[in-house]
Amino acid sequence: MPVNKRHFFRNALAVAAVATLSLVAQAQDKVIKIGVTAGPHAQLMDQVKKVAERDGLKLQVVEFSDYVQPNAALVSGDLDANSYQHKPYLDAQIKDRGYKLVSVAPTVNFPIGLYSKKVKRLEDLKSGAKFGIPNDPTNGGRVLLLLQDKGLIKLKPNVGLKATPLDVVENPKKLRFVELDAAQLARSLDDLDASAINTNFAIAAGMSPKKDAITLERADNPYVNIIVVREADKAQPWVAKLVKAYHSDEIRQFIDKEFKGSVAAGF
């Protein structure tokens, strides 16, 4: 091979090697944006961020005040992942909106609680009491199933998580259901006789589920929260690093110490 051609190929290989190293460096420097709801999810992800950084993964935690926007932002590319929802909610979003999203790991479990500033026991609720429930898919049905479990109402057979107030067939106390955005329920408690409040929003509002809830959902419920990414990204190396950081002993210990039983590790 002529000398000038050898030089050409050597130079081409060198340029290719530099380009490859540059791409690897850029991939390592990529900041992963992960959406969470305010409260425990944000607290947890701030700790996960510290663990992940030691493994070379840089996270940016983005807080949201509702359950709708984190999935929309993930689909649009404004986020790389989110961590705030359980699988039944994700499944409903995928079915209703056609999202190409996938769960990659379980995180924590928040038993939902029933709260009141007017009564200490559910049986003390007066006839016609105003009862707040989340207006989003699955969580509203989840609360109605809890009320049925506590004997306050009876639902149509086999309605499951799809239950709405229209599916209530027996309501001895004539409870009046007030459907609100889940994030608004804690703030609306003064205007209601009782309300179901998701634990992440209850803690964010300064309530202790263990102390302040009239009753809590069983801890062994099926609503473990999850880390969600776009289907196209599920095999990306950063996803494995994110899951590894979240499932570390350090995060498990933080959950036990910080939330004292109100939040349970789901991994």
# chains A, B, ... in the order shown; residues from 1 in each chain; ligands from 1

call {"tool": "residues_around", "arguments": {"residues": "stretch 33-38 of chain A", "least_positions_apart": "5", "cutoff": "6 Å", "atoms": "only C-alpha atoms", "output": "ChimeraX atom specification"}}
result
/A:59-65,70,79-84

call {"tool": "closest_atom_pairs", "arguments": {"of": "stretch 50-158 of chain A", "to": "stretch 179-184 of chain A", "cutoff": "8 Å", "atoms": "only C-alpha atoms", "output": "Markdown table"}}
result
| residue | atom | partner | partner_atom | distance |
| --- | --- | --- | --- | --- |
| A:Ser65 | CA | A:Ala183 | CA | 6.6 |
| A:Asp66 | CA | A:Ala183 | CA | 5.9 |
| A:Tyr67 | CA | A:Ala182 | CA | 7.8 |
| A:Gly132 | CA | A:Glu179 | CA | 5.9 |
| A:Ile133 | CA | A:Glu179 | CA | 5.1 |
| A:Pro134 | CA | A:Ala182 | CA | 4.7 |
| A:Asn135 | CA | A:Glu179 | CA | 4.9 |
| A:Asp136 | CA | A:Asp181 | CA | 6.9 |
| A:Gly140 | CA | A:Glu179 | CA | 8.0 |

call {"tool": "residues_around", "arguments": {"residues": "A:Leu155", "least_positions_apart": "6", "cutoff": "7 Å", "atoms": "only C-alpha atoms", "output": "VMD selection string"}}
result
chain A and resid 167 to 170

call {"tool": "write_last_selection", "arguments": {"atoms": "N, CA and C atoms", "output": "compact mmCIF listing (two decimals), in the first residue's frame"}}
result
# COMPACT_ATOMS: atom_id res chain seq x y z
N ASP A 167 -70.99 3.21 40.24
CA ASP A 167 -71.01 1.77 40.46
C ASP A 167 -71.38 1.39 41.90
N VAL A 168 -71.67 2.37 42.73
CA VAL A 168 -72.08 2.12 44.12
C VAL A 168 -73.54 1.69 44.12
N VAL A 169 -73.80 0.48 44.62
CA VAL A 169 -75.18 -0.03 44.62
C VAL A 169 -75.79 0.01 46.02
N GLU A 170 -74.96 0.09 47.04
CA GLU A 170 -75.47 0.25 48.41
C GLU A 170 -74.63 1.32 49.10

call {"tool": "residues_around", "arguments": {"residues": "A:Ser208", "least_positions_apart": "3", "cutoff": "10 Å", "atoms": "only C-alpha atoms", "output": "list in words"}}
result
Gly113, Thr199, Ala202, Ile203, Ala204, Ala205, Lys211, Asp212, Ala213, Phe259, Lys260 and Ser262 of chain A

call {"tool": "write_last_selection", "arguments": {"atoms": "N, CA and C atoms", "output": "tab-separated table (two decimals), in the first residue's frame"}}
result
chain	number	residue	atom	x	y	z
A	113	GLY	N	-54.66	6.49	52.66
A	113	GLY	CA	-55.33	6.69	53.94
A	113	GLY	C	-56.63	7.46	53.83
A	199	THR	N	-50.77	8.87	50.11
A	199	THR	CA	-49.79	9.08	51.17
A	199	THR	C	-48.73	10.11	50.79
A	202	ALA	N	-50.33	13.37	51.42
A	202	ALA	CA	-50.59	13.55	52.85
A	202	ALA	C	-49.32	13.98	53.57
A	203	ILE	N	-48.21	13.30	53.28
A	203	ILE	CA	-46.94	13.65	53.93
A	203	ILE	C	-46.49	15.04	53.50
A	204	ALA	N	-46.67	15.36	52.23
A	204	ALA	CA	-46.29	16.69	51.74
A	204	ALA	C	-47.10	17.78	52.42
A	205	ALA	N	-48.33	17.44	52.87
A	205	ALA	CA	-49.19	18.42	53.55
A	205	ALA	C	-48.95	18.43	55.06
A	211	LYS	N	-50.34	8.32	62.21
A	211	LYS	CA	-50.98	9.00	63.34
A	211	LYS	C	-52.32	9.64	62.98
A	212	ASP	N	-52.39	10.20	61.78
A	212	ASP	CA	-53.53	11.06	61.44
A	212	ASP	C	-54.63	10.38	60.65
A	213	ALA	N	-54.33	9.29	59.97
A	213	ALA	CA	-55.37	8.63	59.16
A	213	ALA	C	-56.36	7.89	60.06
A	259	PHE	N	-39.49	7.53	56.90
A	259	PHE	CA	-40.95	7.47	56.82
A	259	PHE	C	-41.59	6.60	57.91
A	260	LYS	N	-40.79	5.90	58.67
A	260	LYS	CA	-41.26	5.21	59.88
A	260	LYS	C	-42.53	4.37	59.67
A	262	SER	N	-44.78	4.56	57.20
A	262	SER	CA	-45.82	5.12	56.34
A	262	SER	C	-45.57	4.79	54.88

call {"tool": "residues_around", "arguments": {"residues": "A:Pro111", "least_positions_apart": "5", "cutoff": "7 Å", "atoms": "only C-alpha atoms", "output": "PyMOL selection string"}}
result
chain A and resi 199+216-219

call {"tool": "closest_residue", "arguments": {"among": "A:Lys130, A:Lys257, A:Arg230, A:Lys162", "to": "A:Leu101", "atoms": "only C-alpha atoms"}}
result
A:Arg230

call {"tool": "closest_residue", "arguments": {"among": "A:Phe110, A:Tyr246, A:Tyr223, A:Tyr115", "to": "A:Ala264", "atoms": "only C-alpha atoms"}}
result
A:Phe110

call {"tool": "closest_atom_pairs", "arguments": {"of": "stretch 31-138 of chain A", "to": "stretch 231-239 of chain A", "cutoff": "8 Å", "atoms": "only C-alpha atoms", "output": "CSV"}}
result
residue,atom,partner,partner_atom,distance
A:Leu57,CA,A:Trp238,CA,6.9
A:Lys100,CA,A:Glu231,CA,5.7
A:Leu101,CA,A:Glu231,CA,5.2
A:Val102,CA,A:Glu231,CA,5.5
A:Val104,CA,A:Lys234,CA,6.9

call {"tool": "write_last_selection", "arguments": {"atoms": "C-alpha atoms", "output": "PDB file, in the first residue's frame"}}
result
ATOM      1  CA  LEU A  57     -24.997   8.642  36.577  1.00  0.00           C
ATOM      2  CA  LYS A 100     -45.405   3.902  24.618  1.00  0.00           C
ATOM      3  CA  LEU A 101     -44.187   3.659  28.202  1.00  0.00           C
ATOM      4  CA  VAL A 102     -42.935   0.731  30.251  1.00  0.00           C
ATOM      5  CA  VAL A 104     -38.594  -1.027  34.576  1.00  0.00           C
TER       6      VAL A 104
END

call {"tool": "select_by_dssp", "arguments": {"residues": "stretch 121-241 of chain A", "states": "strand (DSSP E or B)", "output": "ChimeraX atom specification"}}
result
/A:130-134,154-155,168-170,176-180,194-197,215-216,224-230

call {"tool": "write_last_selection", "arguments": {"atoms": "C-alpha atoms", "output": "CSV table (one decimal), in the first residue's frame"}}
result
chain,number,residue,atom,x,y,z
A,130,LYS,CA,-69.2,14.7,51.9
A,131,PHE,CA,-66.4,12.3,51.1
A,132,GLY,CA,-63.4,13.3,48.9
A,133,ILE,CA,-61.9,10.8,46.4
A,134,PRO,CA,-59.3,11.1,43.6
A,154,LYS,CA,-71.2,-1.9,48.2
A,155,LEU,CA,-70.1,-1.9,44.6
A,168,VAL,CA,-72.1,2.1,44.1
A,169,VAL,CA,-75.2,0.0,44.6
A,170,GLU,CA,-75.5,0.2,48.4
A,176,ARG,CA,-71.8,12.3,48.8
A,177,PHE,CA,-68.6,11.7,46.8
A,178,VAL,CA,-66.6,14.7,45.8
A,179,GLU,CA,-64.2,13.9,43.0
A,180,LEU,CA,-61.1,16.1,43.0
A,194,ALA,CA,-63.7,13.0,55.2
A,195,SER,CA,-61.3,12.3,52.4
A,196,ALA,CA,-59.0,9.7,50.9
A,197,ILE,CA,-55.6,11.2,50.4
A,215,THR,CA,-57.7,4.0,58.6
A,216,LEU,CA,-55.0,2.9,56.1
A,224,VAL,CA,-46.4,-0.7,44.4
A,225,ASN,CA,-45.0,2.4,42.6
A,226,ILE,CA,-42.7,2.0,39.7
A,227,ILE,CA,-39.9,3.7,37.6
A,228,VAL,CA,-41.2,4.3,34.1
A,229,VAL,CA,-39.3,5.0,30.8
A,230,ARG,CA,-40.1,5.1,27.2

call {"tool": "closest_residue", "arguments": {"among": "A:Leu175, A:Lys150, A:Leu185, A:Tyr99", "to": "A:Ser76", "atoms": "only C-alpha atoms"}}
result
A:Tyr99

call {"tool": "residues_around", "arguments": {"residues": "A:Ile251", "least_positions_apart": "3", "cutoff": "9 Å", "atoms": "only C-alpha atoms", "output": "PDB file with C-alpha atoms, in the first residue's frame"}}
result
ATOM      1  CA  LEU A  44     -36.424   9.617  47.745  1.00  0.00           C
ATOM      2  CA  GLN A  47     -31.257  10.425  47.830  1.00  0.00           C
ATOM      3  CA  VAL A  48     -31.144   8.166  44.749  1.00  0.00           C
ATOM      4  CA  VAL A  51     -26.142   7.165  45.133  1.00  0.00           C
ATOM      5  CA  ALA A 245     -29.152   3.087  42.777  1.00  0.00           C
ATOM      6  CA  TYR A 246     -32.815   2.989  43.814  1.00  0.00           C
ATOM      7  CA  HIS A 247     -32.605  -0.634  44.959  1.00  0.00           C
ATOM      8  CA  SER A 248     -29.512  -0.032  47.059  1.00  0.00           C
ATOM      9  CA  PHE A 254     -33.491   5.845  54.192  1.00  0.00           C
ATOM     10  CA  ILE A 255     -37.066   4.669  53.618  1.00  0.00           C
ATOM     11  CA  ASP A 256     -37.198   2.896  56.978  1.00  0.00           C
ATOM     12  CA  ALA A 265     -39.924  -0.520  50.148  1.00  0.00           C
TER      13      ALA A 265
END

call {"tool": "residues_around", "arguments": {"residues": "A:Pro222", "least_positions_apart": "3", "cutoff": "9 Å", "atoms": "only C-alpha atoms", "output": "list in words"}}
result
His86, Lys87, Pro88, Asn109 and Ala219 of chain A

call {"tool": "decode", "arguments": {"residues": "stretch 103-117 of chain A", "atoms": "all heavy atoms", "output": "PDB file, in the first residue's frame"}}
result
ATOM      1  N   SER A 103     -42.787   0.007  32.542  1.00  0.00           N
ATOM      2  CA  SER A 103     -42.216  -0.065  33.892  1.00  0.00           C
ATOM      3  C   SER A 103     -40.904  -0.844  33.842  1.00  0.00           C
ATOM      4  O   SER A 103     -40.826  -1.893  33.193  1.00  0.00           O
ATOM      5  CB  SER A 103     -43.201  -0.768  34.831  1.00  0.00           C
ATOM      6  OG  SER A 103     -42.568  -1.109  36.049  1.00  0.00           O
ATOM      7  N   VAL A 104     -39.884  -0.330  34.548  1.00  0.00           N
ATOM      8  CA  VAL A 104     -38.594  -1.027  34.576  1.00  0.00           C
ATOM      9  C   VAL A 104     -38.199  -1.505  35.965  1.00  0.00           C
ATOM     10  O   VAL A 104     -37.269  -2.306  36.097  1.00  0.00           O
ATOM     11  CB  VAL A 104     -37.467  -0.144  33.992  1.00  0.00           C
ATOM     12  CG1 VAL A 104     -37.668   0.072  32.506  1.00  0.00           C
ATOM     13  CG2 VAL A 104     -37.362   1.193  34.723  1.00  0.00           C
ATOM     14  N   ALA A 105     -38.903  -1.039  37.013  1.00  0.00           N
ATOM     15  CA  ALA A 105     -38.553  -1.486  38.365  1.00  0.00           C
ATOM     16  C   ALA A 105     -39.593  -1.011  39.374  1.00  0.00           C
ATOM     17  O   ALA A 105     -40.167   0.074  39.217  1.00  0.00           O
ATOM     18  CB  ALA A 105     -37.180  -0.954  38.768  1.00  0.00           C
ATOM     19  N   PRO A 106     -39.831  -1.807  40.426  1.00  0.00           N
ATOM     20  CA  PRO A 106     -40.682  -1.347  41.522  1.00  0.00           C
ATOM     21  C   PRO A 106     -39.905  -0.389  42.433  1.00  0.00           C
ATOM     22  O   PRO A 106     -38.672  -0.443  42.496  1.00  0.00           O
ATOM     23  CB  PRO A 106     -41.031  -2.644  42.263  1.00  0.00           C
ATOM     24  CG  PRO A 106     -39.831  -3.515  42.029  1.00  0.00           C
ATOM     25  CD  PRO A 106     -39.348  -3.190  40.636  1.00  0.00           C
ATOM     26  N   THR A 107     -40.626   0.473  43.125  1.00  0.00           N
ATOM     27  CA  THR A 107     -39.968   1.408  44.046  1.00  0.00           C
ATOM     28  C   THR A 107     -40.543   1.262  45.464  1.00  0.00           C
ATOM     29  O   THR A 107     -40.057   0.457  46.234  1.00  0.00           O
ATOM     30  CB  THR A 107     -40.094   2.850  43.540  1.00  0.00           C
ATOM     31  OG1 THR A 107     -41.488   3.184  43.351  1.00  0.00           O
ATOM     32  CG2 THR A 107     -39.342   3.042  42.232  1.00  0.00           C
ATOM     33  N   VAL A 108     -41.594   2.015  45.761  1.00  0.00           N
ATOM     34  CA  VAL A 108     -42.144   2.006  47.113  1.00  0.00           C
ATOM     35  C   VAL A 108     -43.659   1.845  47.073  1.00  0.00           C
ATOM     36  O   VAL A 108     -44.296   2.046  46.043  1.00  0.00           O
ATOM     37  CB  VAL A 108     -41.788   3.303  47.876  1.00  0.00           C
ATOM     38  CG1 VAL A 108     -40.320   3.328  48.252  1.00  0.00           C
ATOM     39  CG2 VAL A 108     -42.150   4.528  47.044  1.00  0.00           C
ATOM     40  N   ASN A 109     -44.212   1.510  48.226  1.00  0.00           N
ATOM     41  CA  ASN A 109     -45.651   1.313  48.355  1.00  0.00           C
ATOM     42  C   ASN A 109     -46.198   2.337  49.342  1.00  0.00           C
ATOM     43  O   ASN A 109     -45.678   2.478  50.450  1.00  0.00           O
ATOM     44  CB  ASN A 109     -45.936  -0.111  48.858  1.00  0.00           C
ATOM     45  CG  ASN A 109     -47.370  -0.532  48.589  1.00  0.00           C
ATOM     46  OD1 ASN A 109     -48.256   0.296  48.461  1.00  0.00           O
ATOM     47  ND2 ASN A 109     -47.603  -1.832  48.511  1.00  0.00           N
ATOM     48  N   PHE A 110     -47.225   3.064  48.918  1.00  0.00           N
ATOM     49  CA  PHE A 110     -47.879   4.056  49.769  1.00  0.00           C
ATOM     50  C   PHE A 110     -49.307   3.608  50.073  1.00  0.00           C
ATOM     51  O   PHE A 110     -50.216   3.859  49.274  1.00  0.00           O
ATOM     52  CB  PHE A 110     -47.959   5.412  49.071  1.00  0.00           C
ATOM     53  CG  PHE A 110     -46.656   6.077  48.791  1.00  0.00           C
ATOM     54  CD1 PHE A 110     -46.183   6.170  47.494  1.00  0.00           C
ATOM     55  CD2 PHE A 110     -45.910   6.637  49.807  1.00  0.00           C
ATOM     56  CE1 PHE A 110     -44.985   6.810  47.213  1.00  0.00           C
ATOM     57  CE2 PHE A 110     -44.708   7.278  49.539  1.00  0.00           C
ATOM     58  CZ  PHE A 110     -44.246   7.362  48.250  1.00  0.00           C
ATOM     59  N   PRO A 111     -49.563   2.937  51.188  1.00  0.00           N
ATOM     60  CA  PRO A 111     -50.951   2.606  51.524  1.00  0.00           C
ATOM     61  C   PRO A 111     -51.780   3.890  51.622  1.00  0.00           C
ATOM     62  O   PRO A 111     -51.416   4.813  52.351  1.00  0.00           O
ATOM     63  CB  PRO A 111     -50.830   1.918  52.889  1.00  0.00           C
ATOM     64  CG  PRO A 111     -49.422   1.403  52.925  1.00  0.00           C
ATOM     65  CD  PRO A 111     -48.608   2.436  52.200  1.00  0.00           C
ATOM     66  N   ILE A 112     -52.868   3.968  50.872  1.00  0.00           N
ATOM     67  CA  ILE A 112     -53.684   5.174  50.870  1.00  0.00           C
ATOM     68  C   ILE A 112     -54.444   5.271  52.186  1.00  0.00           C
ATOM     69  O   ILE A 112     -54.801   4.254  52.792  1.00  0.00           O
ATOM     70  CB  ILE A 112     -54.646   5.174  49.656  1.00  0.00           C
ATOM     71  CG1 ILE A 112     -55.066   6.590  49.305  1.00  0.00           C
ATOM     72  CG2 ILE A 112     -55.853   4.284  49.899  1.00  0.00           C
ATOM     73  CD1 ILE A 112     -55.726   6.697  47.941  1.00  0.00           C
ATOM     74  N   GLY A 113     -54.662   6.491  52.656  1.00  0.00           N
ATOM     75  CA  GLY A 113     -55.326   6.685  53.943  1.00  0.00           C
ATOM     76  C   GLY A 113     -56.625   7.460  53.825  1.00  0.00           C
ATOM     77  O   GLY A 113     -56.835   8.220  52.876  1.00  0.00           O
ATOM     78  N   LEU A 114     -57.506   7.261  54.789  1.00  0.00           N
ATOM     79  CA  LEU A 114     -58.743   8.026  54.897  1.00  0.00           C
ATOM     80  C   LEU A 114     -58.587   8.980  56.072  1.00  0.00           C
ATOM     81  O   LEU A 114     -58.199   8.568  57.177  1.00  0.00           O
ATOM     82  CB  LEU A 114     -59.943   7.100  55.108  1.00  0.00           C
ATOM     83  CG  LEU A 114     -60.115   5.968  54.079  1.00  0.00           C
ATOM     84  CD1 LEU A 114     -61.381   5.165  54.380  1.00  0.00           C
ATOM     85  CD2 LEU A 114     -60.155   6.515  52.652  1.00  0.00           C
ATOM     86  N   TYR A 115     -58.875  10.255  55.848  1.00  0.00           N
ATOM     87  CA  TYR A 115     -58.622  11.302  56.835  1.00  0.00           C
ATOM     88  C   TYR A 115     -59.871  12.134  57.091  1.00  0.00           C
ATOM     89  O   TYR A 115     -60.751  12.242  56.234  1.00  0.00           O
ATOM     90  CB  TYR A 115     -57.514  12.243  56.343  1.00  0.00           C
ATOM     91  CG  TYR A 115     -56.179  11.574  56.113  1.00  0.00           C
ATOM     92  CD1 TYR A 115     -55.936  10.848  54.940  1.00  0.00           C
ATOM     93  CD2 TYR A 115     -55.155  11.667  57.050  1.00  0.00           C
ATOM     94  CE1 TYR A 115     -54.713  10.233  54.719  1.00  0.00           C
ATOM     95  CE2 TYR A 115     -53.928  11.059  56.828  1.00  0.00           C
ATOM     96  CZ  TYR A 115     -53.717  10.348  55.670  1.00  0.00           C
ATOM     97  OH  TYR A 115     -52.510   9.737  55.454  1.00  0.00           O
ATOM     98  N   SER A 116     -59.930  12.733  58.278  1.00  0.00           N
ATOM     99  CA  SER A 116     -61.031  13.634  58.606  1.00  0.00           C
ATOM    100  C   SER A 116     -60.611  14.562  59.739  1.00  0.00           C
ATOM    101  O   SER A 116     -59.845  14.172  60.621  1.00  0.00           O
ATOM    102  CB  SER A 116     -62.276  12.845  59.033  1.00  0.00           C
ATOM    103  OG  SER A 116     -63.307  13.727  59.457  1.00  0.00           O
ATOM    104  N   LYS A 117     -61.101  15.788  59.689  1.00  0.00           N
ATOM    105  CA  LYS A 117     -60.909  16.733  60.795  1.00  0.00           C
ATOM    106  C   LYS A 117     -62.178  16.833  61.630  1.00  0.00           C
ATOM    107  O   LYS A 117     -62.223  17.596  62.592  1.00  0.00           O
ATOM    108  CB  LYS A 117     -60.530  18.108  60.246  1.00  0.00           C
ATOM    109  CG  LYS A 117     -59.153  18.144  59.589  1.00  0.00           C
ATOM    110  CD  LYS A 117     -58.773  19.561  59.170  1.00  0.00           C
ATOM    111  CE  LYS A 117     -57.365  19.581  58.576  1.00  0.00           C
ATOM    112  NZ  LYS A 117     -56.958  20.962  58.179  1.00  0.00           N
TER     113      LYS A 117
END
